[in-house]
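Peer 1: Quick one: this structure, given as structure tokens, is what I'll be asking you about.
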Amino acid sequence: MEVELHLRGSAIRIDFRGEHAPDAWLTTQGRGTQAWLVSESDNYVLPVPDASGPYWYDPAAPCRSMGGRCEPAPGEFILGRLTAGWRYSNADGPDGTRTGTLWIDTQTGLMLAYRGRAGISSRERGMRAAVVTFEDVASDVFELPTALRRPDRVPAR
């Protein structure tokens with residue numbers, strides 16, 4: 001599935017794209033805060049587990065923010081940007097992975113790709129950026145529509 005990720009400070013919005021993508025988008029105000037799944041066509045806003053990343057790392061010491069152990073791995077050019085590669089283990093890595101490899105833009109600290117495994121699962125998870133732009137994102141992109149149904153606004157019976 002393809003996603004479009006918008007970042008502004010700690011706020012995150014994830015728009016799902018493609019034939020099998022849900023007709024919804026995900027938003028949160030930052031790591032550790034409540035995340036929300038929004039479907040304007042189906043008229044709902046639902047709370048979901050935190051989906052806030054992390055997406056930014058120290059390119060010289062990523063384990064400082066995710067714990068575990070990190071060892072240098074070969075870097076790559078991704079979308080014309082030089083990345084630092086890091087193998088990580090026993091860490092709080094991207095998308096719940098515990099072991100894997102990530103590639104971080106050396107200029108900005110933005111994670112441009114990762115490949116890893118969560119727990120003892122043999123199923124690999126990964127992401128690789130297809131396009132990156134650095135533009136201002138309006139703050140209202142992250143706001144929840146107020147007119148949609150929400151579980152905390154269900155009338156008592």
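Going through the structure tokens in order, the chains are called A, B, and so on, while each chain numbers its residues from 1 and the ligands are numbered from 1 in the order shown.
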Which residues, written as an MDAnalysis selection string, have at least one atom at most 12 Å from Leu102 (chain A), with only C-alpha atoms counted and residues fewer than 3 positions away on the same chain left out?
Peer 2: chainID A and resid 54:59 61:63 66 70:76 78 83:89 91 93:95 97:99 105 109:117 125:129
Peer 1: DSSP on the backbone: which residues in chain A end up as helix (DSSP H, G or I)? Give the answer as a list of chain:residue names.
Peer 2: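 Put together, the selection reads A:Cys63, A:Arg64, A:Ser65, A:Met66, A:Pro94, A:Asp95, A:Gly96, A:Ser139, A:Asp140, A:Val141, A:Phe142, A:Pro151, A:Asp152, A:Arg153.
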Peer 1: So the first atom is CA of Thr133 (chain A) and the second is CA of Thr108 (chain A); what is the distance between them in Å, to one decimal place?
Peer 2: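 Spanning CA of Thr133 (chain A) to CA of Thr108 (chain A) is a straight-line distance of 11.9 Å.
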Peer 1: Taking only residues of region 128-147 of chain A that have an atom at most 12 Å from an atom of region 13-26 of chain A, what is each one's shortest atom pair and its distance in Å to one decimal, using only C-alpha atoms, in chain and number order, as JSON lines?
Peer 2:
{"residue": "A:Val137", "atom": "CA", "partner": "A:Arg13", "partner_atom": "CA", "distance": 10.4}
{"residue": "A:Ala138", "atom": "CA", "partner": "A:Arg13", "partner_atom": "CA", "distance": 11.4}
{"residue": "A:Ser139", "atom": "CA", "partner": "A:Arg13", "partner_atom": "CA", "distance": 10.5}
{"residue": "A:Asp140", "atom": "CA", "partner": "A:Arg13", "partner_atom": "CA", "distance": 10.7}
{"residue": "A:Val141", "atom": "CA", "partner": "A:Arg13", "partner_atom": "CA", "distance": 7.5}
{"residue": "A:Phe142", "atom": "CA", "partner": "A:Arg13", "partner_atom": "CA", "distance": 6.0}
{"residue": "A:Glu143", "atom": "CA", "partner": "A:Arg13", "partner_atom": "CA", "distance": 9.3}
{"residue": "A:Leu144", "atom": "CA", "partner": "A:Leu26", "partner_atom": "CA", "distance": 9.7}
{"residue": "A:Pro145", "atom": "CA", "partner": "A:Trp25", "partner_atom": "CA", "distance": 11.5}
Peer 1: Pick from A:Leu79, A:Ala60, A:Val132, A:Val38: nearest to Thr106 (chain A), with only C-alpha atoms counted?
Peer 2: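 Closest candidate: A:Ala60.
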Peer 1: Just checking: using only C-alpha atoms, which residue out of A:Ala35, A:Leu5, A:Leu82, A:Ala11 ends up closest to Gln107 (chain A)?
Peer 2: A:Leu82
Peer 1: Among region 9-61 of chain A, which ones does DSSP place in strand (DSSP E or B), written as a list in words?
Peer 2: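 So, restricting region 9-61 of chain A to strand (DSSP E or B), we get Ala11, Ile12, Arg13, Ile14, Asp15, Phe16, Arg17, Trp25, Leu26, Thr27, Thr28, Ala35, Trp36, Leu37, Val38, Ser39, Tyr44, Val45, Leu46, Pro47, Val48 and Trp56 of chain A.
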Peer 1: Can you tell me how far CA of Asp136 (chain A) sits from CA of Arg8 (chain A), in Å to one decimal?
Peer 2: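 We find that CA of Asp136 (chain A) and CA of Arg8 (chain A) lie 7.7 Å from each other.
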Peer 1: Mind giving me the straight-line distance from CA of Glu40 (chain A) to CA of Glu2 (chain A) in Å, one decimal?
Peer 2: 19.4 Å
